[in-house]
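Q: Right, I'll just put the structure down here and ask away after.
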Amino acid sequence: MIDFASGGKCVRSVFVYLGWLCGGVGESEPALRAAASAELLHAFALVQDDVMDESQVRRGRQSAHLRLAAWHTDQGLSGSSARFGESAAILVADLYLVWAERMLRESGVTAAALDRAWPRYDSMRSELAVGQLADLSNDANRVPTVGAVMDIARRKSGNYTVRRPLELGAAMADCDDTVIDVLGEYGEVIGEAFQLRDDLLGVFGDPSTTGKPTGDDVRERKATTVIALADQLAGPSDRARLRDLWREEFIDEQGVALAQAVITDSGARQRAEQMIGDRVEHARRLLDVADLEPSVADALHRMALLSTHRTH
């Protein structure tokens, strides 16, 4: 089961630890272990997300529920292998959730630090669940507005990827409200930019670097920011073609190519890139005037670039 949690970019753990360093308390093995617990929380979210989205591939490998279904078949067990795989994957995800909290609790950071951390940790987990529910509630036959999609992305991914991890680490280090406010604003804009990049990769990403098929978000008919932007910016005929495509029961390679063309021709791809750039610049300005150790501010700036200019 641990194999399902291997790989990844460790973005959330890095942001937790950078939040800790913002407190001027120096490097700490217990804080590093606490930060690493975010990877188990992320594994929980990924396994469940793949079940909900019926995703076939994760990090270049077969998704957990499909691997568990294959194990069921190999063992010659009775009943539906697909149903077993999904059910077992949910239980594996539950284990990751429990292990993540246990790893944080037993990390070695002080009880006072943990007391400051738990409210942030609870907010992060709650927002993740609420954002996922809102994502599930999106009707595949309708393309929501950019504002609605951004709101879901902010709660489901943006806050959970950058803002809450930073605040969690900063709270453990007993940072003052001024620092936490700066980190919160930085985390919000970089979290949004991270999700915008993720949505672009979900349509145009190279499988050799993303670990998922090109256009996977199109095949799954996800109403992402990029799709919402295309719906907003495209002309009437292209908008109708995109909406008709989203109503199809199955989207083939030709359908993926159609969606890519509409997104590019409408200017949505360029607009998404501009939105990413604007948010990275906003974060840079925040860091330029923030009262942070220069080395930490530099690390946050580099993380902003790495998180938003990635290819996977």
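By convention in this document, the chains of the structure tokens carry letters A, B, ... by their order, each chain's residues are numbered from 1, and ligands are numbered from 1 in the order they are shown.
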Might you pull out every residue within 12 Å of stretch 242-252 of chain A, with only C-alpha atoms counted and same-chain residues fewer than 6 positions away left off, and present them as a PyMOL selection string?

A: chain A and resi 139-144+214-223+227-236+258-263+266

Q: Excluding same-chain residues fewer than 6 positions from stretch 187-190 of chain A, what lies within 6 Å of it counting only C-alpha atoms, as a list of chain:residue names?

A: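 In the requested format, the answer is A:Val162, A:Arg163, A:Arg279.
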
Q: Kindly save the residues from that selection, with N, CA, C and O atoms included, as a JSON list (two decimals), in the first residue's frame.

A:
```json
[["chain", "number", "residue", "atom", "x", "y", "z"],
["A", 162, "VAL", "N", -0.92, 25.05, -1.23],
["A", 162, "VAL", "CA", 0.05, 26.08, -0.85],
["A", 162, "VAL", "C", -0.33, 26.81, 0.43],
["A", 162, "VAL", "O", 0.42, 26.81, 1.41],
["A", 163, "ARG", "N", -1.50, 27.44, 0.44],
["A", 163, "ARG", "CA", -1.84, 28.33, 1.55],
["A", 163, "ARG", "C", -1.89, 27.62, 2.89],
["A", 163, "ARG", "O", -1.23, 28.02, 3.85],
["A", 279, "ARG", "N", -0.27, 36.23, -11.10],
["A", 279, "ARG", "CA", -0.25, 35.75, -9.71],
["A", 279, "ARG", "C", 1.18, 35.55, -9.19],
["A", 279, "ARG", "O", 1.45, 35.83, -8.02]]
```

Q: Find the residues of stretch 94-153 of chain A that sit at most 12 Å from stretch 199-211 of chain A; for each, write down the nearest two atoms and how far apart they are in Å, to one decimal. Count only C-alpha atoms. Sort by chain, then by number going up, and give it as a tab-separated table.

A:
```
residue	atom	partner	partner_atom	distance
A:Val149	CA	A:Asp199	CA	11.0
A:Met150	CA	A:Asp199	CA	11.0
A:Ala153	CA	A:Asp199	CA	9.8
```

Q: Determine which residues of stretch 25-249 of chain A DSSP labels as alpha helix (DSSP H) from the backbone of this structure, then write them out as a PyMOL selection string.

A: chain A and resi 29-53+64-74+81-105+111-137+146-153+164-172+177-204+207-210+216-219+225-233+236-246

Q: Please identify all polymer residues within 10 Å of A:Ala38, counting only C-alpha atoms, omitting same-chain residues fewer than 2 positions from it, and present them as a list of chain:residue names.

A: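 Residues meeting the cut-off are A:Cys10, A:Val11, A:Arg12, A:Ser13, A:Val14, A:Phe15, A:Val16, A:Arg33, A:Ala34, A:Ala35, A:Ala36, A:Leu40, A:Leu41, A:His42, A:Ala43, A:Phe44, A:Leu97, A:Ala100, A:Glu101, A:Met103, A:Leu104, A:Tyr121, A:Tyr160, A:Thr161, A:Pro165.
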
Q: Next, write the just-selected residues to a file, as a short mmCIF file (atom, residue, chain, number, x, y, z; two decimals), in the first residue's frame, keeping C-alpha atoms as the atom set.

A:
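And here is the file that came out, again07.cif:
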```cif
data_model
loop_
_atom_site.label_atom_id
_atom_site.label_comp_id
_atom_site.auth_asym_id
_atom_site.auth_seq_id
_atom_site.Cartn_x
_atom_site.Cartn_y
_atom_site.Cartn_z
CA CYS A 10 6.41 16.86 -2.31
CA VAL A 11 5.13 20.40 -2.91
CA ARG A 12 2.88 20.48 0.16
CA SER A 13 5.57 19.17 2.49
CA VAL A 14 8.04 21.78 1.24
CA PHE A 15 5.52 24.56 1.88
CA VAL A 16 4.82 23.27 5.41
CA ARG A 33 8.77 14.88 9.92
CA ALA A 34 5.65 16.94 10.56
CA ALA A 35 5.95 18.48 7.11
CA ALA A 36 6.43 15.06 5.50
CA LEU A 40 0.33 10.89 3.24
CA LEU A 41 -2.59 13.32 3.33
CA HIS A 42 -2.01 13.97 -0.36
CA ALA A 43 -1.92 10.22 -1.09
CA PHE A 44 -5.33 9.95 0.61
CA LEU A 97 -5.61 9.78 6.26
CA ALA A 100 -0.98 11.30 8.05
CA GLU A 101 -2.48 12.55 11.31
CA MET A 103 2.76 11.04 11.65
CA LEU A 104 2.06 14.68 12.46
CA TYR A 121 -4.90 21.12 9.71
CA TYR A 160 -4.71 22.73 0.18
CA THR A 161 -1.53 22.81 -1.93
CA PRO A 165 0.49 24.03 4.33
#
```

Q: May I ask which of the residues A:Glu29, A:Asp198, A:Asp151, A:Asp291 is the closest one to A:Leu183, counting only C-alpha atoms?

A: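 Selected residue with least distance to A:Leu183: A:Asp291.
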